[in-house]
Each structure stands twice: as structure tokens, then as C-alpha cells.
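Worksheet: one structure, shown below.
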Amino acid sequence: MKTFTSSAALDRLPRQFFASLVADVSRVASQGHDIINLGQGNPDRPTPEHIVAALEQAGRDPLNHRYPPFRGFDYLKEAAAEFYRREYEVELHPEKEIAILFGGKSGLIEAAQCLLNPGDVALVPDPGYPDYWSGIELAGGRMQPMPLLAENGFLPDYDAIPPEALQLAKLMFLNYPNNPTGATASFEFMAETASFAQRHDLCVVHDFAYGAIGFDGTKPPSFLQAPGAKETGIEIYTLSKTYNMAGWRVAFAAGNPSVIAMLNLLQDHLHVSLFGAVQAAAAEALLGPQHCVNELVARYESRRNTLIEGLRGIGWDVPMPTGSFFAWLPVPAGHNSTSFASLLLERAHVAVAPGVGFGAHGEGYVRVGLLTEEDRLLEAVHRIGRLDLFQR
């Protein structure tokens, strides 16, 4: 059988980090071991019932059995605008400042293709979500890492960006609450970011996937709340995490009208928008009862407390994340992130994600998801403790 040659764009794509992680977990599980998988970011709770009911009702409407409007139904864009008005006191024009997306991941990849020409530079957090890299490579752009260091609260230091890279930079990705570090950013940092982007003619793409998940009574700010934010970028909001709708593939971009127009134009050539019943359910999620969100955040906070206190109890000195549903844990002496993750999988049958998979500055850490019940988290702590790796 003839094997065809892939395009140069496909050849540039980074290795899919999570695919190899899944393969390793599957291999050990196939040996009959009970694996506690804390390595992936797949929400474990069902979608709230009132959202599922909205899908069922809309699925019976013959209108939704036809092609939807290319750029989505007006009612979903209006719901997104009302959501931002209610949650963040941000005013958005539904047609000009909101684009419906096939999940947040696709919007992140499309944004790079909309904004970068070959050779242009994109500033990316390191460590950061690996799919930022994918869109940049598809566009033929180049990446300039922005190290996220513990001593800076896992925030980028804009003064440390090399001037020659900054001159060529067109785009900057940010993500708070942060994957993988679990860090959050202040309103003051968002305002600083908007001002920095204005001075250097950058478009900010803020990945707000975990926007609802802040702990200890703190609500994470939206980038669009910062003065001048809509002039300097967009924010991508997915329903996957806030409403446990990961499999539904629905999100939206909000902000700068020129970038929203670019996203809509590109998607005109890729899609015919989302299934109408999914759009109806998404509108119900955004506008309907929000007690499910409060309950979800409280659940993640309780899981965080259980995990972190348990790990500290076995002598592992780990920080307390302030947002997202991840914990970012330093590996013990004598290990790197990959060797430690392998040790936990092979000997404790606990799967975690090696930090180096999120960038060079992720070395020395592993990422753990708060995506299983507390008894399983405690069992994971017990198994790790039996390895006797830490001084109490």
C-alpha cells in the first residue's frame, strides 16, 4: 500500500504528550493493576441535569435537525454576553465581540492561525498547555517561552522577555487560573498585561478555561475586566470545566472585534457551527441556575484540601493551589519529572503527568488532577506514602 508524504505543517506539530501518557497507563492497567489516574484533566462529574434536559428538549425541535447558522445562533451569543455582564460586569456586543467555538482547544489553535505569519513570534507560558504550541506550529510561527517560576507566583516576568523576541512578537498566550501550576492572577496583573500588550502591539489570548474555579473565597478575574483589555486581545471561555460539559465541545471567544471577525471568517471555511441542541443547552448553562457551579467549586476545594494535607502528612512539602483543578507538585531529590512519574505509576499505581511535558520549566514537577473522589485521593496518598520517599 502506498504511503503518502505528510505536509510540512503536520510534520512541525509537537508530539501529543497526553497520548503517550494514556498509553503508559493502559499498559500498566492491562497487567491487572488498579490505577488511580490523576494525570489527565478530564472532569469526572456529570453535566448538571437541567442542562441535559435542555439538550433533550432542543434535540426534538426539527429546527435543530438542519444546518445551524454558520456563526451560531444569536441567542447563544446573547447568553454569553449576559454571562459576562452578570459575572464580570463586562459589556460585550453579541455579534461583534463574541464568536462561538467548537471547544476552547480549537479556538486556541485557530487564534494562532488568524494572527501569525511564518516567522512571527508568539509568547507562550512555560510551563503551559501544550496545544498553544500546536496552533503556532501550524501557522509557521516561532515560540518565545515566558518562564513561570515559583518565586514569581508562577506569573511571567515581562521585563525578562528578550527585546529581539519582543520586537517580532504578535501574540501572547496566558492562562489563569493556570494549567498546570494551579496559580491564579490578580486584577492588577491583568491590568499590567493589557498595558504591556498596548505598548508592544501584542494581541493577548487569555485562556480562561478554569475561570470559575478559584479557592478560599477568591473569584478569579477576567482579563476583559482590565482597562483597555478589549483593545488588546480576547478571552476564550469554555463550558467544559465550569459546567462539566467537556464532551459537548462548546466554548466562545470574547473581546477585540477584529480578532473575533478573523475567528468567524476562518470558521466559516471549517465548520457550519455547532449542533443547535448543544447551543440551546449551552445557553441554558450560562443563563440558568448557577448553584451547580458553586457546588462544583466547593467539591474541588475539598478535594484539594484532602490531597494537599494528606501529602504533607507523608512528608511531601507541596504548595496549595489557589485555582483550577490541578496541583503542581515538586519532585523529590534524586528524580526528574519523568522518572518520578514512572516510579509512581509502576510501584504505587498512581498516574501523574510529568511536568516537562508542559515545557522545559516544568521540569522538577508533576501535575496532579483533583478529578476523582476523596477516598481515591486518600488511597493515592497512602500508596505514595508506602514508597517512603520523604522525610517526615
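Ligands are numbered from 1 in the order shown, residues from 1 within each chain, and chains are lettered A, B, ... in the order they appear in the C-alpha cells.
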Inset, instruction - Excluding Pro94 in chain A and residues on its chain fewer than 2 positions from it, collect all residues at most 12 Å away from it, counting only C-alpha atoms, and give them as number ranges by chain. - result: A: 71-85, 91-92, 96-100, 252-257, 260
Same residues, N, CA, C and O atoms, output as an mmCIF file, in the first residue's frame:
```cif
data_model
loop_
_atom_site.group_PDB
_atom_site.id
_atom_site.type_symbol
_atom_site.label_atom_id
_atom_site.label_comp_id
_atom_site.auth_asym_id
_atom_site.auth_seq_id
_atom_site.Cartn_x
_atom_site.Cartn_y
_atom_site.Cartn_z
ATOM 1 N N ARG A 71 -22.348 31.103 11.955
ATOM 2 C CA ARG A 71 -21.654 31.693 13.102
ATOM 3 C C ARG A 71 -22.412 31.509 14.410
ATOM 4 O O ARG A 71 -22.135 32.194 15.391
ATOM 5 N N GLY A 72 -23.308 30.543 14.424
ATOM 6 C CA GLY A 72 -24.032 30.229 15.649
ATOM 7 C C GLY A 72 -25.307 31.033 15.792
ATOM 8 O O GLY A 72 -25.496 32.075 15.162
ATOM 9 N N PHE A 73 -26.186 30.541 16.640
ATOM 10 C CA PHE A 73 -27.446 31.220 16.888
ATOM 11 C C PHE A 73 -27.222 32.488 17.711
ATOM 12 O O PHE A 73 -26.383 32.510 18.626
ATOM 13 N N ASP A 74 -27.991 33.513 17.381
ATOM 14 C CA ASP A 74 -27.878 34.775 18.115
ATOM 15 C C ASP A 74 -28.118 34.581 19.607
ATOM 16 O O ASP A 74 -27.474 35.232 20.437
ATOM 17 N N TYR A 75 -29.045 33.684 19.952
ATOM 18 C CA TYR A 75 -29.394 33.544 21.366
ATOM 19 C C TYR A 75 -28.207 33.056 22.204
ATOM 20 O O TYR A 75 -28.092 33.405 23.382
ATOM 21 N N LEU A 76 -27.310 32.243 21.604
ATOM 22 C CA LEU A 76 -26.153 31.788 22.382
ATOM 23 C C LEU A 76 -25.155 32.918 22.567
ATOM 24 O O LEU A 76 -24.579 33.085 23.655
ATOM 25 N N LYS A 77 -24.959 33.726 21.542
ATOM 26 C CA LYS A 77 -24.056 34.865 21.689
ATOM 27 C C LYS A 77 -24.618 35.874 22.694
ATOM 28 O O LYS A 77 -23.861 36.456 23.498
ATOM 29 N N GLU A 78 -25.920 36.061 22.684
ATOM 30 C CA GLU A 78 -26.538 36.951 23.666
ATOM 31 C C GLU A 78 -26.413 36.380 25.076
ATOM 32 O O GLU A 78 -26.199 37.135 26.050
ATOM 33 N N ALA A 79 -26.522 35.057 25.204
ATOM 34 C CA ALA A 79 -26.343 34.423 26.516
ATOM 35 C C ALA A 79 -24.916 34.615 27.021
ATOM 36 O O ALA A 79 -24.689 34.868 28.218
ATOM 37 N N ALA A 80 -23.940 34.485 26.122
ATOM 38 C CA ALA A 80 -22.548 34.689 26.517
ATOM 39 C C ALA A 80 -22.314 36.128 26.971
ATOM 40 O O ALA A 80 -21.599 36.374 27.958
ATOM 41 N N ALA A 81 -22.921 37.082 26.262
ATOM 42 C CA ALA A 81 -22.781 38.483 26.654
ATOM 43 C C ALA A 81 -23.418 38.730 28.022
ATOM 44 O O ALA A 81 -22.847 39.430 28.873
ATOM 45 N N GLU A 82 -24.594 38.132 28.253
ATOM 46 C CA GLU A 82 -25.249 38.296 29.553
ATOM 47 C C GLU A 82 -24.433 37.638 30.661
ATOM 48 O O GLU A 82 -24.345 38.160 31.779
ATOM 49 N N PHE A 83 -23.827 36.499 30.367
ATOM 50 C CA PHE A 83 -22.962 35.815 31.338
ATOM 51 C C PHE A 83 -21.821 36.726 31.767
ATOM 52 O O PHE A 83 -21.526 36.864 32.969
ATOM 53 N N TYR A 84 -21.152 37.383 30.823
ATOM 54 C CA TYR A 84 -20.038 38.275 31.164
ATOM 55 C C TYR A 84 -20.525 39.518 31.912
ATOM 56 O O TYR A 84 -19.836 40.034 32.803
ATOM 57 N N ARG A 85 -21.711 39.989 31.559
ATOM 58 C CA ARG A 85 -22.272 41.135 32.284
ATOM 59 C C ARG A 85 -22.563 40.755 33.739
ATOM 60 O O ARG A 85 -22.226 41.498 34.666
ATOM 61 N N GLU A 91 -19.215 44.523 29.427
ATOM 62 C CA GLU A 91 -20.192 44.667 28.355
ATOM 63 C C GLU A 91 -19.596 44.176 27.045
ATOM 64 O O GLU A 91 -18.490 44.578 26.671
ATOM 65 N N LEU A 92 -20.326 43.296 26.361
ATOM 66 C CA LEU A 92 -19.872 42.735 25.089
ATOM 67 C C LEU A 92 -20.993 42.849 24.055
ATOM 68 O O LEU A 92 -22.167 42.603 24.369
ATOM 69 N N LYS A 96 -20.453 41.408 17.402
ATOM 70 C CA LYS A 96 -19.127 41.898 17.039
ATOM 71 C C LYS A 96 -18.023 41.413 17.973
ATOM 72 O O LYS A 96 -16.850 41.407 17.584
ATOM 73 N N GLU A 97 -18.386 41.035 19.195
ATOM 74 C CA GLU A 97 -17.357 40.752 20.198
ATOM 75 C C GLU A 97 -17.447 39.348 20.779
ATOM 76 O O GLU A 97 -16.782 39.049 21.768
ATOM 77 N N ILE A 98 -18.217 38.459 20.161
ATOM 78 C CA ILE A 98 -18.320 37.073 20.611
ATOM 79 C C ILE A 98 -18.326 36.154 19.402
ATOM 80 O O ILE A 98 -19.039 36.400 18.422
ATOM 81 N N ALA A 99 -17.523 35.088 19.461
ATOM 82 C CA ALA A 99 -17.502 34.048 18.430
ATOM 83 C C ALA A 99 -17.721 32.700 19.107
ATOM 84 O O ALA A 99 -17.049 32.379 20.093
ATOM 85 N N ILE A 100 -18.651 31.908 18.577
ATOM 86 C CA ILE A 100 -18.914 30.570 19.090
ATOM 87 C C ILE A 100 -17.822 29.626 18.583
ATOM 88 O O ILE A 100 -17.428 29.681 17.417
ATOM 89 N N PHE A 252 -16.644 29.816 23.695
ATOM 90 C CA PHE A 252 -16.759 31.047 22.915
ATOM 91 C C PHE A 252 -15.547 31.923 23.191
ATOM 92 O O PHE A 252 -14.889 31.809 24.229
ATOM 93 N N ALA A 253 -15.226 32.749 22.204
ATOM 94 C CA ALA A 253 -14.203 33.780 22.350
ATOM 95 C C ALA A 253 -14.907 35.113 22.516
ATOM 96 O O ALA A 253 -15.958 35.354 21.916
ATOM 97 N N ALA A 254 -14.317 35.994 23.327
ATOM 98 C CA ALA A 254 -14.916 37.302 23.585
ATOM 99 C C ALA A 254 -13.819 38.353 23.617
ATOM 100 O O ALA A 254 -12.723 38.102 24.116
ATOM 101 N N GLY A 255 -14.137 39.532 23.064
ATOM 102 C CA GLY A 255 -13.175 40.621 23.141
ATOM 103 C C GLY A 255 -13.028 41.386 21.851
ATOM 104 O O GLY A 255 -14.022 41.740 21.204
ATOM 105 N N ASN A 256 -11.788 41.624 21.463
ATOM 106 C CA ASN A 256 -11.467 42.526 20.361
ATOM 107 C C ASN A 256 -12.234 42.181 19.083
ATOM 108 O O ASN A 256 -12.132 41.060 18.580
ATOM 109 N N PRO A 257 -13.001 43.121 18.533
ATOM 110 C CA PRO A 257 -13.834 42.816 17.372
ATOM 111 C C PRO A 257 -13.070 42.341 16.139
ATOM 112 O O PRO A 257 -13.565 41.493 15.388
ATOM 113 N N ILE A 260 -12.253 38.673 16.708
ATOM 114 C CA ILE A 260 -13.500 37.904 16.613
ATOM 115 C C ILE A 260 -13.890 37.730 15.148
ATOM 116 O O ILE A 260 -14.308 36.639 14.723
#
```
Would you give me, as CSV, each residue of range 169-191 of chain A having an atom within 10 Å of an atom of range 222-234 of chain A, along with its shortest atom pair and that distance in Å to one decimal, using only C-alpha atoms and sorting by chain and residue number?
```
residue,atom,partner,partner_atom,distance
A:Leu171,CA,A:Gly233,CA,8.9
A:Met172,CA,A:Gly233,CA,9.0
A:Phe173,CA,A:Gly233,CA,9.9
A:Leu174,CA,A:Phe223,CA,9.5
A:Asn175,CA,A:Phe223,CA,9.7
A:Tyr176,CA,A:Ser222,CA,8.7
A:Pro177,CA,A:Ser222,CA,9.9
A:Ala185,CA,A:Ser222,CA,9.5
A:Ser186,CA,A:Ser222,CA,9.4
A:Phe187,CA,A:Ala226,CA,6.9
A:Glu188,CA,A:Ala226,CA,8.1
A:Phe189,CA,A:Ala226,CA,8.9
A:Met190,CA,A:Phe223,CA,5.5
A:Ala191,CA,A:Ala226,CA,4.7
```
Legend entry - Sel. of alpha helix (DSSP H) residues, range 183-354 of chain A, as a ChimeraX atom specification: /A:187-200,229-232,239-242,257-268,276-287,291-313,337-343
Legend entry - Separation of CA of Gly369 in chain A from CA of Ser324 in chain A in Å: 9.2 Å
Could you pull out the residues in range 137-362 of chain A that DSSP calls strand (DSSP E) from the backbone, as a tab-separated table (two decimals) with all heavy atoms, in the first residue's frame?
```tsv
chain	number	residue	atom	x	y	z
A	142	ARG	N	6.99	31.15	15.52
A	142	ARG	CA	8.05	30.73	16.43
A	142	ARG	C	7.63	31.06	17.86
A	142	ARG	O	6.94	32.05	18.10
A	142	ARG	CB	9.37	31.44	16.10
A	142	ARG	CG	9.92	31.06	14.73
A	142	ARG	CD	11.32	31.62	14.52
A	142	ARG	NE	11.32	33.06	14.36
A	142	ARG	CZ	12.04	33.91	15.08
A	142	ARG	NH1	12.82	33.45	16.06
A	142	ARG	NH2	12.00	35.21	14.86
A	143	MET	N	8.05	30.25	18.79
A	143	MET	CA	7.67	30.43	20.18
A	143	MET	C	8.79	31.06	21.00
A	143	MET	O	9.94	30.69	20.85
A	143	MET	CB	7.30	29.09	20.81
A	143	MET	CG	6.00	28.51	20.29
A	143	MET	SD	5.52	27.03	21.20
A	143	MET	CE	6.74	25.86	20.60
A	144	GLN	N	8.42	32.01	21.85
A	144	GLN	CA	9.32	32.55	22.85
A	144	GLN	C	8.75	32.20	24.21
A	144	GLN	O	7.71	32.74	24.63
A	144	GLN	CB	9.46	34.07	22.72
A	144	GLN	CG	10.28	34.71	23.83
A	144	GLN	CD	11.72	34.19	23.87
A	144	GLN	OE1	12.39	34.12	22.84
A	144	GLN	NE2	12.20	33.85	25.06
A	145	PRO	N	9.39	31.28	24.94
A	145	PRO	CA	8.84	30.90	26.25
A	145	PRO	C	8.92	32.04	27.25
A	145	PRO	O	9.88	32.81	27.28
A	145	PRO	CB	9.74	29.73	26.68
A	145	PRO	CG	10.42	29.26	25.44
A	145	PRO	CD	10.57	30.47	24.57
A	146	MET	N	7.90	32.12	28.08
A	146	MET	CA	7.90	33.01	29.25
A	146	MET	C	7.91	32.12	30.49
A	146	MET	O	6.89	31.50	30.83
A	146	MET	CB	6.65	33.91	29.26
A	146	MET	CG	6.53	34.84	28.08
A	146	MET	SD	5.10	35.96	28.24
A	146	MET	CE	3.72	34.80	28.19
A	147	PRO	N	9.06	31.98	31.16
A	147	PRO	CA	9.13	31.08	32.31
A	147	PRO	C	8.15	31.46	33.41
A	147	PRO	O	8.05	32.64	33.79
A	147	PRO	CB	10.58	31.22	32.77
A	147	PRO	CG	11.33	31.70	31.56
A	147	PRO	CD	10.37	32.58	30.83
A	169	ALA	N	7.23	39.79	18.20
A	169	ALA	CA	6.06	39.13	18.78
A	169	ALA	C	4.77	39.79	18.33
A	169	ALA	O	4.66	41.02	18.29
A	169	ALA	CB	6.17	39.15	20.30
A	170	LYS	N	3.80	38.96	17.98
A	170	LYS	CA	2.48	39.42	17.57
A	170	LYS	C	1.38	38.93	18.52
A	170	LYS	O	0.28	39.49	18.53
A	170	LYS	CB	2.17	38.91	16.16
A	170	LYS	CG	3.15	39.34	15.09
A	170	LYS	CD	3.02	40.82	14.80
A	170	LYS	CE	3.99	41.27	13.71
A	170	LYS	NZ	3.74	40.63	12.41
A	171	LEU	N	1.69	37.91	19.29
A	171	LEU	CA	0.65	37.20	20.04
A	171	LEU	C	1.23	36.74	21.38
A	171	LEU	O	2.41	36.39	21.47
A	171	LEU	CB	0.22	35.98	19.21
A	171	LEU	CG	-0.67	34.90	19.83
A	171	LEU	CD1	-2.01	35.45	20.23
A	171	LEU	CD2	-0.84	33.76	18.83
A	172	MET	N	0.38	36.77	22.43
A	172	MET	CA	0.79	36.24	23.72
A	172	MET	C	-0.34	35.40	24.28
A	172	MET	O	-1.48	35.86	24.38
A	172	MET	CB	1.12	37.36	24.70
A	172	MET	CG	1.43	36.84	26.11
A	172	MET	SD	2.18	38.06	27.22
A	172	MET	CE	0.94	39.33	27.27
A	173	PHE	N	-0.02	34.16	24.66
A	173	PHE	CA	-0.97	33.30	25.34
A	173	PHE	C	-0.78	33.43	26.85
A	173	PHE	O	0.35	33.42	27.35
A	173	PHE	CB	-0.76	31.83	24.95
A	173	PHE	CG	-1.29	31.47	23.60
A	173	PHE	CD1	-0.44	31.27	22.52
A	173	PHE	CD2	-2.66	31.31	23.39
A	173	PHE	CE1	-0.92	30.93	21.27
A	173	PHE	CE2	-3.15	30.96	22.14
A	173	PHE	CZ	-2.28	30.78	21.08
A	174	LEU	N	-1.90	33.52	27.55
A	174	LEU	CA	-1.91	33.48	29.01
A	174	LEU	C	-3.03	32.55	29.46
A	174	LEU	O	-3.97	32.28	28.71
A	174	LEU	CB	-2.13	34.87	29.61
A	174	LEU	CG	-0.96	35.85	29.63
A	174	LEU	CD1	-1.42	37.15	30.27
A	174	LEU	CD2	0.24	35.28	30.38
A	203	CYS	N	-1.32	41.01	20.62
A	203	CYS	CA	-2.67	40.51	20.87
A	203	CYS	C	-2.58	39.46	21.98
A	203	CYS	O	-1.87	38.46	21.83
A	203	CYS	CB	-3.29	39.90	19.63
A	203	CYS	SG	-4.95	39.25	19.92
A	204	VAL	N	-3.28	39.68	23.07
A	204	VAL	CA	-3.35	38.72	24.17
A	204	VAL	C	-4.49	37.74	23.91
A	204	VAL	O	-5.60	38.15	23.56
A	204	VAL	CB	-3.58	39.43	25.51
A	204	VAL	CG1	-3.76	38.42	26.65
A	204	VAL	CG2	-2.44	40.39	25.81
A	205	VAL	N	-4.20	36.45	24.03
A	205	VAL	CA	-5.24	35.43	24.02
A	205	VAL	C	-5.23	34.79	25.40
A	205	VAL	O	-4.31	34.03	25.74
A	205	VAL	CB	-5.00	34.38	22.92
A	205	VAL	CG1	-6.04	33.26	23.01
A	205	VAL	CG2	-5.06	35.04	21.54
A	206	HIS	N	-6.23	35.16	26.21
A	206	HIS	CA	-6.30	34.64	27.57
A	206	HIS	C	-7.21	33.43	27.60
A	206	HIS	O	-8.41	33.52	27.34
A	206	HIS	CB	-6.81	35.71	28.54
A	206	HIS	CG	-6.83	35.22	29.96
A	206	HIS	ND1	-7.92	35.32	30.79
A	206	HIS	CD2	-5.86	34.59	30.70
A	206	HIS	CE1	-7.64	34.80	31.96
A	206	HIS	NE2	-6.40	34.35	31.93
A	207	ASP	N	-6.62	32.30	27.94
A	207	ASP	CA	-7.32	31.02	28.06
A	207	ASP	C	-7.94	30.97	29.45
A	207	ASP	O	-7.25	30.72	30.43
A	207	ASP	CB	-6.29	29.90	27.84
A	207	ASP	CG	-6.86	28.51	28.04
A	207	ASP	OD1	-8.08	28.37	28.25
A	207	ASP	OD2	-6.06	27.55	27.99
A	233	GLY	N	-6.88	42.33	23.07
A	233	GLY	CA	-6.95	40.88	22.96
A	233	GLY	C	-8.32	40.29	23.17
A	233	GLY	O	-9.34	41.00	23.18
A	234	ILE	N	-8.33	38.99	23.35
A	234	ILE	CA	-9.56	38.23	23.53
A	234	ILE	C	-9.39	37.27	24.70
A	234	ILE	O	-8.27	37.02	25.17
A	234	ILE	CB	-9.94	37.42	22.27
A	234	ILE	CG1	-8.86	36.36	21.95
A	234	ILE	CG2	-10.19	38.34	21.08
A	234	ILE	CD1	-9.27	35.35	20.89
A	235	GLU	N	-10.52	36.76	25.15
A	235	GLU	CA	-10.54	35.73	26.17
A	235	GLU	C	-11.35	34.56	25.63
A	235	GLU	O	-12.37	34.74	24.98
A	235	GLU	CB	-11.20	36.29	27.44
A	235	GLU	CG	-11.11	35.42	28.65
A	235	GLU	CD	-11.29	36.26	29.91
A	235	GLU	OE1	-12.43	36.66	30.22
A	235	GLU	OE2	-10.26	36.54	30.58
A	236	ILE	N	-10.87	33.35	25.90
A	236	ILE	CA	-11.58	32.15	25.45
A	236	ILE	C	-12.15	31.45	26.67
A	236	ILE	O	-11.42	31.09	27.60
A	236	ILE	CB	-10.64	31.24	24.64
A	236	ILE	CG1	-10.29	31.93	23.32
A	236	ILE	CG2	-11.28	29.87	24.39
A	236	ILE	CD1	-9.42	31.14	22.40
A	237	TYR	N	-13.46	31.28	26.65
A	237	TYR	CA	-14.18	30.68	27.78
A	237	TYR	C	-14.85	29.39	27.30
A	237	TYR	O	-15.63	29.40	26.35
A	237	TYR	CB	-15.24	31.63	28.33
A	237	TYR	CG	-15.71	31.25	29.71
A	237	TYR	CD1	-15.20	31.89	30.84
A	237	TYR	CD2	-16.63	30.23	29.91
A	237	TYR	CE1	-15.60	31.54	32.12
A	237	TYR	CE2	-17.04	29.86	31.18
A	237	TYR	CZ	-16.53	30.52	32.29
A	237	TYR	OH	-16.91	30.15	33.55
A	238	THR	N	-14.52	28.29	27.94
A	238	THR	CA	-15.14	27.01	27.62
A	238	THR	C	-16.13	26.62	28.70
A	238	THR	O	-15.94	26.94	29.88
A	238	THR	CB	-14.08	25.91	27.46
A	238	THR	OG1	-14.74	24.66	27.26
A	238	THR	CG2	-13.19	25.79	28.69
A	251	ALA	N	-17.65	26.35	23.38
A	251	ALA	CA	-16.93	27.44	24.03
A	251	ALA	C	-17.22	28.71	23.24
A	251	ALA	O	-17.94	28.69	22.23
A	251	ALA	CB	-15.44	27.14	24.06
A	252	PHE	N	-16.64	29.82	23.70
A	252	PHE	CA	-16.76	31.05	22.91
A	252	PHE	C	-15.55	31.92	23.19
A	252	PHE	O	-14.89	31.81	24.23
A	252	PHE	CB	-18.06	31.80	23.22
A	252	PHE	CG	-18.26	32.21	24.65
A	252	PHE	CD1	-17.82	33.45	25.12
A	252	PHE	CD2	-18.90	31.36	25.54
A	252	PHE	CE1	-18.01	33.83	26.43
A	252	PHE	CE2	-19.10	31.73	26.87
A	252	PHE	CZ	-18.65	32.96	27.32
A	253	ALA	N	-15.23	32.75	22.20
A	253	ALA	CA	-14.20	33.78	22.35
A	253	ALA	C	-14.91	35.11	22.52
A	253	ALA	O	-15.96	35.35	21.92
A	253	ALA	CB	-13.28	33.81	21.13
A	254	ALA	N	-14.32	35.99	23.33
A	254	ALA	CA	-14.92	37.30	23.58
A	254	ALA	C	-13.82	38.35	23.62
A	254	ALA	O	-12.72	38.10	24.12
A	254	ALA	CB	-15.67	37.29	24.92
A	255	GLY	N	-14.14	39.53	23.06
A	255	GLY	CA	-13.18	40.62	23.14
A	255	GLY	C	-13.03	41.39	21.85
A	255	GLY	O	-14.02	41.74	21.20
A	326	PHE	N	-6.04	21.49	39.38
A	326	PHE	CA	-4.74	20.83	39.34
A	326	PHE	C	-3.90	21.24	40.55
A	326	PHE	O	-4.06	22.34	41.10
A	326	PHE	CB	-3.97	21.19	38.08
A	326	PHE	CG	-4.62	20.72	36.81
A	326	PHE	CD1	-5.09	21.63	35.87
A	326	PHE	CD2	-4.76	19.37	36.55
A	326	PHE	CE1	-5.68	21.20	34.71
A	326	PHE	CE2	-5.36	18.92	35.38
A	326	PHE	CZ	-5.82	19.84	34.45
A	327	ALA	N	-3.00	20.34	40.94
A	327	ALA	CA	-1.94	20.65	41.90
A	327	ALA	C	-0.60	20.41	41.22
A	327	ALA	O	-0.45	19.48	40.42
A	327	ALA	CB	-2.08	19.77	43.15
A	328	TRP	N	0.37	21.26	41.52
A	328	TRP	CA	1.68	21.28	40.85
A	328	TRP	C	2.71	20.96	41.93
A	328	TRP	O	2.98	21.77	42.80
A	328	TRP	CB	1.88	22.65	40.24
A	328	TRP	CG	3.05	22.88	39.33
A	328	TRP	CD1	4.01	23.84	39.48
A	328	TRP	CD2	3.35	22.22	38.09
A	328	TRP	NE1	4.89	23.82	38.42
A	328	TRP	CE2	4.51	22.83	37.55
A	328	TRP	CE3	2.77	21.17	37.40
A	328	TRP	CZ2	5.08	22.42	36.35
A	328	TRP	CZ3	3.33	20.76	36.20
A	328	TRP	CH2	4.47	21.38	35.68
A	329	LEU	N	3.25	19.75	41.86
A	329	LEU	CA	3.99	19.20	43.00
A	329	LEU	C	5.46	19.02	42.66
A	329	LEU	O	5.81	18.36	41.67
A	329	LEU	CB	3.39	17.85	43.39
A	329	LEU	CG	1.86	17.81	43.56
A	329	LEU	CD1	1.40	16.40	43.90
A	329	LEU	CD2	1.41	18.81	44.62
A	330	PRO	N	6.37	19.56	43.48
A	330	PRO	CA	7.81	19.38	43.22
A	330	PRO	C	8.22	17.93	43.48
A	330	PRO	O	7.80	17.31	44.45
A	330	PRO	CB	8.47	20.34	44.23
A	330	PRO	CG	7.45	20.50	45.31
A	330	PRO	CD	6.11	20.38	44.67
A	350	VAL	N	-0.19	4.91	40.67
A	350	VAL	CA	-0.80	6.24	40.66
A	350	VAL	C	-0.23	6.97	39.44
A	350	VAL	O	0.99	7.08	39.29
A	350	VAL	CB	-0.48	7.03	41.94
A	350	VAL	CG1	-0.98	8.46	41.83
A	350	VAL	CG2	-1.09	6.33	43.15
A	351	ALA	N	-1.11	7.43	38.56
A	351	ALA	CA	-0.67	8.12	37.35
A	351	ALA	C	-0.69	9.63	37.57
A	351	ALA	O	-1.71	10.18	38.03
A	351	ALA	CB	-1.56	7.75	36.18
A	353	ALA	N	1.11	13.46	35.68
A	353	ALA	CA	1.68	13.97	34.44
A	353	ALA	C	3.04	14.58	34.70
A	353	ALA	O	3.16	15.48	35.54
A	353	ALA	CB	0.75	15.01	33.82
A	354	PRO	N	4.10	14.13	34.01
A	354	PRO	CA	5.43	14.75	34.20
A	354	PRO	C	5.41	16.21	33.78
A	354	PRO	O	4.90	16.56	32.71
A	354	PRO	CB	6.33	13.92	33.28
A	354	PRO	CG	5.56	12.68	32.96
A	354	PRO	CD	4.12	13.04	33.03
```
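Minimum atom-to-atom distance to Pro162 in chain A, evaluated using only C-alpha atoms, belongs to A:Val121 out of A:Ala209, A:Leu345, A:Val121, A:Val381.
Comparing the minimum interatomic distances between Arg299 in chain A and each of A:Ser273, A:Thr372, A:Ser258, A:Ser240, counting only C-alpha atoms, we find that A:Thr372 sits nearest.
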Inset, instruction - Please provide as a list in words all residues within 8 Å of Leu239 in chain A, with the sequence filter that same-chain residues fewer than 3 positions apart are discarded (counting only C-alpha atoms). - result: Ala209, Thr242, Tyr243, Asn244, Met245, Ala246, Val250, Ala251 and Ala282 of chain A
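Restricting the calculation to only C-alpha atoms, the smallest distance between Ala280 in chain A and any of A:Arg45, A:His50, A:Arg27, A:Arg15 is found for A:His50.
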